[in-house]
Amino acid sequence: MIRIGGASGYWGDDPTAAAQLLDAGELDYLVFDYLAEVTLSIMARARAKDPDQGYARDFVDVVMRQTLPEISRQKVRVISNAGGVNPQACAAAVRAMVAEMGLDLTVAVVLGDDLTEHAPMLSPQEMFTGAPFPDAEAVFSINAYLGAFPIAGALEAGADIVITGRCVDSAVTLGACIHAFGWGADDHDHLAAGTLAGHILECGTQATGGNFTDWHLVADSLDRIGYPICDISADGTIEITKPDDTGGLVSVGTVAEQMLYEIGDPQAYVVPDVICDVSAVTLTPVAENRVRLTGARGTPPTTDYKVSATYLDGWRVGSTATFYGSDAAAKAQAFCDAVFSRARMALRRMNLADFTETSVEILGAGSQTGNAAMAGEATEVVVKYAARHPDKRGLDVLLRAASGMGLSAPPGLSGFFGTRARPSPLVRLFSFLLPKANVPVEIDLGNTRLPCAVAEGQAFDPDTLTRPTPPNRPLAPVDPVTVPLERLAWGRSGDKGDSANIGIIARTPDALPHIWHSLDETTLQDRFAHVLEGEVTRYLLPGCNAMNVVLTRALGGGGVASLRNDALGKGFAQILLQTPVTVPRSLLEALS
């Protein structure tokens, strides 16, 4: 068995997490995930200004500076994708720090993911929409999602610290498992288990009580929440826990929510090294704050890497104001109508085009919740207004129009003054597939480079999968009672590009048939009609009594390309958990 601590879930996560995990002791590996899909575009812009930038500086300047001596003393090996678009600069900074501290640690870098310089030669179609590749001059970054075998190769070569650019989030954990247990490219079930372990760790405290449906159970300890620890055995058995004497919670609910987080098709969770099927995974509490996961299955990987490019597609800006008093929502709408009308008149005078897209969301009046909004008139609202324009000057016009409405607005206008929004580049994501053979991968040990082979893979068609049999429709309940879904299930939501992903886990197996048949496609389409532009797909996970819902084209473009207040769909589960479901009273009493 090896013990792995998950010390970061995103760029900006708490830098003290690594020290907390090291204080817990007995770690073999410390892993860090820093990269969201659009993070690389931010790093690419930083590198363009300074060739020594483009990586997660806080990983080096804060985390490593605070913990390197203890990492060395405990002989803990570190794996991180903090390298961003400049992993060699990141490694150079860590090597300099190692030398400064007089430590004996070998730093390796995995290279090959950055394909930005090849932009002029590429002409792929977008893998979800079929759109053509953007103009190469507009491209910020192009990065292939590498797998775990290069990381394992770096560890095999003697690295104490492995730094990567873009790899799949779970690869930092799977790489440690491959090295420790000698798993091969054909050990598909084991590779799936290691990927699942990495998926649980990759979002940090989301596995230990963060963003948990039953937040009230951890509300008084979130300030000292524990970061996740994974004990994984050579046979693929996973146990999730956290350091003693820390806050938060590790339970079937917290871990199951993270297992379904942004997973898409649970029978075809595709990473470079394996295709994972977690639909039959079971979760079992084995001690306080300790949950065991078993049952992950794998099949051979595909022949391609997923590649994500980010590119400039104009500019965007957004700001907020507040209104309170009677008819607050109507006042807010009238204010925004006037702002955009004034701005458009100014655009015409300047001979500038109209806005490419506009957005008005009145928070507190149902803009985000759609038909799930609470009844009753809002007397206090926040209005968020935003717009896209191909020319930055067009957004300056909007900001001036809004500022000029200060004495012309309906009564009740207020807000926090002292700052003003500024236009920012609108960065879009363009995803495509590229054969692995076209992406050579190397391991840089500082004084030598080693080529690294990866699993070639084979063709894969998800339509050939055998899907679990849905539960039978329940009989009309005796002594029925209608309750919000939240009484029967846990839920968490997130994004995959422009698609939203909502995982719903029944609190008891008996509730799953009622949930499955209550949340049919029609109900889901109606629930999200205010944001949904594409299709609804449901997936069943009988192993953990759960279902996963994917809403395509539901996020207004997703990420920083979206003008939405919730561009990542993080609150979508909260909307769905208010859906009324009718069940027998006896089932509800059993949950009490």
# chains A, B, ... in the order shown; residues from 1 in each chain; ligands from 1

$ select_by_dssp --residues "stretch 311-371 of chain A" --states "alpha helix (DSSP H)" --output "PyMOL selection string"
chain A and resi 328-349

$ write_last_selection --atoms "N, CA and C atoms" --output "compact mmCIF listing (two decimals), in the first residue's frame"
# COMPACT_ATOMS: atom_id res chain seq x y z
N ALA A 328 -38.05 45.73 -6.61
CA ALA A 328 -36.60 45.79 -6.79
C ALA A 328 -36.17 45.17 -8.11
N ALA A 329 -36.75 44.04 -8.48
CA ALA A 329 -36.36 43.37 -9.72
C ALA A 329 -36.72 44.21 -10.93
N ALA A 330 -37.91 44.80 -10.93
CA ALA A 330 -38.33 45.64 -12.05
C ALA A 330 -37.43 46.86 -12.18
N LYS A 331 -37.04 47.43 -11.05
CA LYS A 331 -36.13 48.58 -11.08
C LYS A 331 -34.78 48.18 -11.71
N ALA A 332 -34.30 47.02 -11.30
CA ALA A 332 -33.01 46.55 -11.83
C ALA A 332 -33.08 46.33 -13.33
N GLN A 333 -34.17 45.74 -13.80
CA GLN A 333 -34.32 45.50 -15.23
C GLN A 333 -34.41 46.82 -15.99
N ALA A 334 -35.15 47.77 -15.46
CA ALA A 334 -35.27 49.08 -16.12
C ALA A 334 -33.91 49.77 -16.19
N PHE A 335 -33.14 49.67 -15.13
CA PHE A 335 -31.79 50.25 -15.12
C PHE A 335 -30.94 49.66 -16.23
N CYS A 336 -30.93 48.32 -16.34
CA CYS A 336 -30.11 47.68 -17.37
C CYS A 336 -30.60 48.00 -18.77
N ASP A 337 -31.92 48.04 -18.95
CA ASP A 337 -32.47 48.41 -20.26
C ASP A 337 -31.96 49.78 -20.69
N ALA A 338 -31.95 50.71 -19.74
CA ALA A 338 -31.51 52.06 -20.05
C ALA A 338 -30.01 52.11 -20.32
N VAL A 339 -29.22 51.35 -19.54
CA VAL A 339 -27.77 51.31 -19.73
C VAL A 339 -27.44 50.82 -21.13
N PHE A 340 -28.05 49.71 -21.54
CA PHE A 340 -27.73 49.16 -22.86
C PHE A 340 -28.25 50.06 -23.97
N SER A 341 -29.39 50.70 -23.77
CA SER A 341 -29.90 51.62 -24.78
C SER A 341 -28.97 52.80 -24.98
N ARG A 342 -28.50 53.39 -23.87
CA ARG A 342 -27.56 54.50 -23.96
C ARG A 342 -26.26 54.06 -24.65
N ALA A 343 -25.78 52.87 -24.26
CA ALA A 343 -24.53 52.38 -24.83
C ALA A 343 -24.66 52.16 -26.33
N ARG A 344 -25.78 51.62 -26.76
CA ARG A 344 -25.95 51.36 -28.19
C ARG A 344 -26.04 52.67 -28.99
N MET A 345 -26.64 53.68 -28.43
CA MET A 345 -26.66 54.97 -29.11
C MET A 345 -25.24 55.51 -29.26
N ALA A 346 -24.43 55.32 -28.22
CA ALA A 346 -23.04 55.79 -28.29
C ALA A 346 -22.23 54.98 -29.30
N LEU A 347 -22.49 53.69 -29.37
CA LEU A 347 -21.78 52.85 -30.36
C LEU A 347 -22.08 53.31 -31.78
N ARG A 348 -23.33 53.63 -32.03
CA ARG A 348 -23.69 54.09 -33.37
C ARG A 348 -23.00 55.41 -33.69
N ARG A 349 -22.91 56.31 -32.69
CA ARG A 349 -22.23 57.58 -32.94
C ARG A 349 -20.76 57.37 -33.25

$ residues_around --residues "stretch 153-158 of chain A" --least-positions-apart "4" --cutoff "12 Å" --atoms "only C-alpha atoms" --output "ChimeraX atom specification"
/A:29,76-79,104-111,147-149,162-164,172,174-184,441-446,448-454

$ residues_around --residues "A:Glu26" --least-positions-apart "4" --cutoff "10 Å" --atoms "only C-alpha atoms" --output "JSON, numbers by chain"
{"A": [2, 3, 4, 5, 21, 22, 74, 75, 76]}

$ write_last_selection --atoms "N, CA, C and O atoms" --output "PDB file, in the first residue's frame"
ATOM      1  N   ILE A   2       0.418   2.288  -0.671  1.00  0.00           N
ATOM      2  CA  ILE A   2       1.064   3.592  -0.591  1.00  0.00           C
ATOM      3  C   ILE A   2       0.052   4.613  -0.109  1.00  0.00           C
ATOM      4  O   ILE A   2      -1.163   4.435  -0.265  1.00  0.00           O
ATOM      5  N   ARG A   3       0.569   5.677   0.487  1.00  0.00           N
ATOM      6  CA  ARG A   3      -0.281   6.761   1.019  1.00  0.00           C
ATOM      7  C   ARG A   3       0.046   8.036   0.255  1.00  0.00           C
ATOM      8  O   ARG A   3       1.204   8.464   0.167  1.00  0.00           O
ATOM      9  N   ILE A   4      -1.010   8.641  -0.321  1.00  0.00           N
ATOM     10  CA  ILE A   4      -0.867   9.822  -1.167  1.00  0.00           C
ATOM     11  C   ILE A   4      -1.719  10.946  -0.590  1.00  0.00           C
ATOM     12  O   ILE A   4      -2.905  10.761  -0.318  1.00  0.00           O
ATOM     13  N   GLY A   5      -1.126  12.118  -0.423  1.00  0.00           N
ATOM     14  CA  GLY A   5      -1.867  13.284   0.043  1.00  0.00           C
ATOM     15  C   GLY A   5      -2.170  14.223  -1.102  1.00  0.00           C
ATOM     16  O   GLY A   5      -1.298  14.545  -1.910  1.00  0.00           O
ATOM     17  N   LEU A  21      -0.673  18.130   5.507  1.00  0.00           N
ATOM     18  CA  LEU A  21      -0.547  16.713   5.162  1.00  0.00           C
ATOM     19  C   LEU A  21       0.793  16.147   5.627  1.00  0.00           C
ATOM     20  O   LEU A  21       0.873  15.003   6.085  1.00  0.00           O
ATOM     21  N   LEU A  22       1.856  16.940   5.520  1.00  0.00           N
ATOM     22  CA  LEU A  22       3.149  16.477   6.004  1.00  0.00           C
ATOM     23  C   LEU A  22       3.147  16.309   7.520  1.00  0.00           C
ATOM     24  O   LEU A  22       3.764  15.386   8.061  1.00  0.00           O
ATOM     25  N   GLN A  74      11.291  13.580   5.336  1.00  0.00           N
ATOM     26  CA  GLN A  74      10.366  12.441   5.352  1.00  0.00           C
ATOM     27  C   GLN A  74      10.506  11.559   4.111  1.00  0.00           C
ATOM     28  O   GLN A  74       9.848  10.526   4.027  1.00  0.00           O
ATOM     29  N   LYS A  75      11.325  11.993   3.148  1.00  0.00           N
ATOM     30  CA  LYS A  75      11.489  11.239   1.905  1.00  0.00           C
ATOM     31  C   LYS A  75      10.152  11.066   1.167  1.00  0.00           C
ATOM     32  O   LYS A  75       9.840  10.003   0.630  1.00  0.00           O
ATOM     33  N   VAL A  76       9.360  12.114   1.160  1.00  0.00           N
ATOM     34  CA  VAL A  76       8.099  12.147   0.423  1.00  0.00           C
ATOM     35  C   VAL A  76       8.386  12.610  -1.000  1.00  0.00           C
ATOM     36  O   VAL A  76       9.122  13.580  -1.211  1.00  0.00           O
TER      37      VAL A  76
END

$ atom_distance --atom1 "atom CA of A:Ala268" --atom2 "atom CA of A:Leu540"
12.3 Å

$ residues_around --residues "A:Arg393" --least-positions-apart "5" --cutoff "9 Å" --atoms "only C-alpha atoms" --output "PDB file with all heavy atoms, in the first residue's frame"
ATOM      1  N   LEU A 352     -19.245  52.001 -34.272  1.00  0.00           N
ATOM      2  CA  LEU A 352     -18.816  50.698 -33.780  1.00  0.00           C
ATOM      3  C   LEU A 352     -19.974  49.710 -33.860  1.00  0.00           C
ATOM      4  O   LEU A 352     -21.148  50.100 -33.772  1.00  0.00           O
ATOM      5  CB  LEU A 352     -18.332  50.794 -32.331  1.00  0.00           C
ATOM      6  CG  LEU A 352     -17.003  51.518 -32.090  1.00  0.00           C
ATOM      7  CD1 LEU A 352     -16.717  51.626 -30.591  1.00  0.00           C
ATOM      8  CD2 LEU A 352     -15.854  50.811 -32.794  1.00  0.00           C
ATOM      9  N   LEU A 398     -19.913  50.873 -22.732  1.00  0.00           N
ATOM     10  CA  LEU A 398     -20.909  50.313 -21.816  1.00  0.00           C
ATOM     11  C   LEU A 398     -20.643  50.764 -20.388  1.00  0.00           C
ATOM     12  O   LEU A 398     -21.569  51.156 -19.655  1.00  0.00           O
ATOM     13  CB  LEU A 398     -20.897  48.790 -21.905  1.00  0.00           C
ATOM     14  CG  LEU A 398     -21.823  48.062 -20.927  1.00  0.00           C
ATOM     15  CD1 LEU A 398     -23.276  48.381 -21.227  1.00  0.00           C
ATOM     16  CD2 LEU A 398     -21.585  46.560 -20.979  1.00  0.00           C
ATOM     17  N   PRO A 423     -12.607  45.879 -19.087  1.00  0.00           N
ATOM     18  CA  PRO A 423     -12.720  44.830 -20.106  1.00  0.00           C
ATOM     19  C   PRO A 423     -11.551  43.862 -20.031  1.00  0.00           C
ATOM     20  O   PRO A 423     -10.421  44.244 -19.722  1.00  0.00           O
ATOM     21  CB  PRO A 423     -12.716  45.613 -21.422  1.00  0.00           C
ATOM     22  CG  PRO A 423     -13.167  46.985 -21.055  1.00  0.00           C
ATOM     23  CD  PRO A 423     -12.623  47.230 -19.680  1.00  0.00           C
TER      24      PRO A 423
END

$ closest_residue --among "A:Ser367, A:Thr294, A:Thr254, A:Ser499" --to "A:Leu217" --atoms "only C-alpha atoms"
A:Thr254

$ atom_distance --atom1 "atom CA of A:Arg65" --atom2 "atom CA of A:Glu100"
10.3 Å

$ decode --residues "stretch 175-186 of chain A" --atoms "all heavy atoms" --output "PDB file, in the first residue's frame"
ATOM      1  N   GLY A 175       0.296   8.097 -11.757  1.00  0.00           N
ATOM      2  CA  GLY A 175       1.722   7.931 -12.012  1.00  0.00           C
ATOM      3  C   GLY A 175       2.446   7.346 -10.816  1.00  0.00           C
ATOM      4  O   GLY A 175       3.323   6.477 -10.956  1.00  0.00           O
ATOM      5  N   ALA A 176       2.073   7.806  -9.611  1.00  0.00           N
ATOM      6  CA  ALA A 176       2.670   7.259  -8.392  1.00  0.00           C
ATOM      7  C   ALA A 176       2.319   5.784  -8.239  1.00  0.00           C
ATOM      8  O   ALA A 176       3.165   4.963  -7.861  1.00  0.00           O
ATOM      9  CB  ALA A 176       2.191   8.057  -7.182  1.00  0.00           C
ATOM     10  N   CYS A 177       1.082   5.424  -8.539  1.00  0.00           N
ATOM     11  CA  CYS A 177       0.640   4.028  -8.410  1.00  0.00           C
ATOM     12  C   CYS A 177       1.367   3.120  -9.403  1.00  0.00           C
ATOM     13  O   CYS A 177       1.799   2.013  -9.051  1.00  0.00           O
ATOM     14  CB  CYS A 177      -0.866   3.936  -8.618  1.00  0.00           C
ATOM     15  SG  CYS A 177      -1.865   4.809  -7.400  1.00  0.00           S
ATOM     16  N   ILE A 178       1.483   3.573 -10.634  1.00  0.00           N
ATOM     17  CA  ILE A 178       2.166   2.767 -11.651  1.00  0.00           C
ATOM     18  C   ILE A 178       3.595   2.469 -11.208  1.00  0.00           C
ATOM     19  O   ILE A 178       4.082   1.338 -11.299  1.00  0.00           O
ATOM     20  CB  ILE A 178       2.149   3.499 -13.008  1.00  0.00           C
ATOM     21  CG1 ILE A 178       0.725   3.566 -13.563  1.00  0.00           C
ATOM     22  CG2 ILE A 178       3.073   2.809 -14.009  1.00  0.00           C
ATOM     23  CD1 ILE A 178       0.586   4.480 -14.776  1.00  0.00           C
ATOM     24  N   HIS A 179       4.275   3.495 -10.711  1.00  0.00           N
ATOM     25  CA  HIS A 179       5.659   3.304 -10.267  1.00  0.00           C
ATOM     26  C   HIS A 179       5.736   2.396  -9.049  1.00  0.00           C
ATOM     27  O   HIS A 179       6.575   1.482  -8.992  1.00  0.00           O
ATOM     28  CB  HIS A 179       6.286   4.656  -9.939  1.00  0.00           C
ATOM     29  CG  HIS A 179       7.626   4.544  -9.279  1.00  0.00           C
ATOM     30  ND1 HIS A 179       8.728   4.024  -9.916  1.00  0.00           N
ATOM     31  CD2 HIS A 179       8.029   4.865  -8.015  1.00  0.00           C
ATOM     32  CE1 HIS A 179       9.757   4.034  -9.090  1.00  0.00           C
ATOM     33  NE2 HIS A 179       9.361   4.528  -7.921  1.00  0.00           N
ATOM     34  N   ALA A 180       4.881   2.617  -8.076  1.00  0.00           N
ATOM     35  CA  ALA A 180       4.972   1.874  -6.816  1.00  0.00           C
ATOM     36  C   ALA A 180       4.615   0.404  -6.985  1.00  0.00           C
ATOM     37  O   ALA A 180       5.220  -0.466  -6.350  1.00  0.00           O
ATOM     38  CB  ALA A 180       4.057   2.520  -5.772  1.00  0.00           C
ATOM     39  N   PHE A 181       3.635   0.122  -7.837  1.00  0.00           N
ATOM     40  CA  PHE A 181       3.120  -1.245  -7.935  1.00  0.00           C
ATOM     41  C   PHE A 181       3.555  -1.977  -9.200  1.00  0.00           C
ATOM     42  O   PHE A 181       3.243  -3.157  -9.374  1.00  0.00           O
ATOM     43  CB  PHE A 181       1.590  -1.229  -7.862  1.00  0.00           C
ATOM     44  CG  PHE A 181       1.043  -0.580  -6.619  1.00  0.00           C
ATOM     45  CD1 PHE A 181       0.020   0.358  -6.692  1.00  0.00           C
ATOM     46  CD2 PHE A 181       1.545  -0.900  -5.366  1.00  0.00           C
ATOM     47  CE1 PHE A 181      -0.489   0.956  -5.553  1.00  0.00           C
ATOM     48  CE2 PHE A 181       1.037  -0.312  -4.211  1.00  0.00           C
ATOM     49  CZ  PHE A 181       0.027   0.622  -4.308  1.00  0.00           C
ATOM     50  N   GLY A 182       4.246  -1.280 -10.095  1.00  0.00           N
ATOM     51  CA  GLY A 182       4.666  -1.926 -11.320  1.00  0.00           C
ATOM     52  C   GLY A 182       3.535  -2.255 -12.268  1.00  0.00           C
ATOM     53  O   GLY A 182       3.649  -3.179 -13.085  1.00  0.00           O
ATOM     54  N   TRP A 183       2.439  -1.516 -12.183  1.00  0.00           N
ATOM     55  CA  TRP A 183       1.319  -1.761 -13.099  1.00  0.00           C
ATOM     56  C   TRP A 183       1.773  -1.495 -14.532  1.00  0.00           C
ATOM     57  O   TRP A 183       2.471  -0.520 -14.820  1.00  0.00           O
ATOM     58  CB  TRP A 183       0.140  -0.847 -12.774  1.00  0.00           C
ATOM     59  CG  TRP A 183      -0.538  -1.152 -11.463  1.00  0.00           C
ATOM     60  CD1 TRP A 183      -0.428  -2.292 -10.712  1.00  0.00           C
ATOM     61  CD2 TRP A 183      -1.430  -0.288 -10.750  1.00  0.00           C
ATOM     62  NE1 TRP A 183      -1.202  -2.196  -9.578  1.00  0.00           N
ATOM     63  CE2 TRP A 183      -1.830  -0.983  -9.583  1.00  0.00           C
ATOM     64  CE3 TRP A 183      -1.941   0.984 -10.985  1.00  0.00           C
ATOM     65  CZ2 TRP A 183      -2.710  -0.433  -8.651  1.00  0.00           C
ATOM     66  CZ3 TRP A 183      -2.811   1.540 -10.061  1.00  0.00           C
ATOM     67  CH2 TRP A 183      -3.197   0.835  -8.910  1.00  0.00           C
ATOM     68  N   GLY A 184       1.312  -2.369 -15.440  1.00  0.00           N
ATOM     69  CA  GLY A 184       1.647  -2.216 -16.846  1.00  0.00           C
ATOM     70  C   GLY A 184       0.503  -1.617 -17.637  1.00  0.00           C
ATOM     71  O   GLY A 184      -0.607  -1.430 -17.140  1.00  0.00           O
ATOM     72  N   ALA A 185       0.783  -1.369 -18.905  1.00  0.00           N
ATOM     73  CA  ALA A 185      -0.219  -0.738 -19.769  1.00  0.00           C
ATOM     74  C   ALA A 185      -1.437  -1.613 -19.980  1.00  0.00           C
ATOM     75  O   ALA A 185      -2.506  -1.106 -20.360  1.00  0.00           O
ATOM     76  CB  ALA A 185       0.417  -0.394 -21.113  1.00  0.00           C
ATOM     77  N   ASP A 186      -1.318  -2.935 -19.747  1.00  0.00           N
ATOM     78  CA  ASP A 186      -2.456  -3.840 -19.919  1.00  0.00           C
ATOM     79  C   ASP A 186      -3.212  -4.115 -18.626  1.00  0.00           C
ATOM     80  O   ASP A 186      -4.195  -4.858 -18.634  1.00  0.00           O
ATOM     81  CB  ASP A 186      -1.973  -5.175 -20.504  1.00  0.00           C
ATOM     82  CG  ASP A 186      -1.427  -5.018 -21.912  1.00  0.00           C
ATOM     83  OD1 ASP A 186      -1.880  -4.100 -22.623  1.00  0.00           O
ATOM     84  OD2 ASP A 186      -0.534  -5.801 -22.296  1.00  0.00           O
TER      85      ASP A 186
END
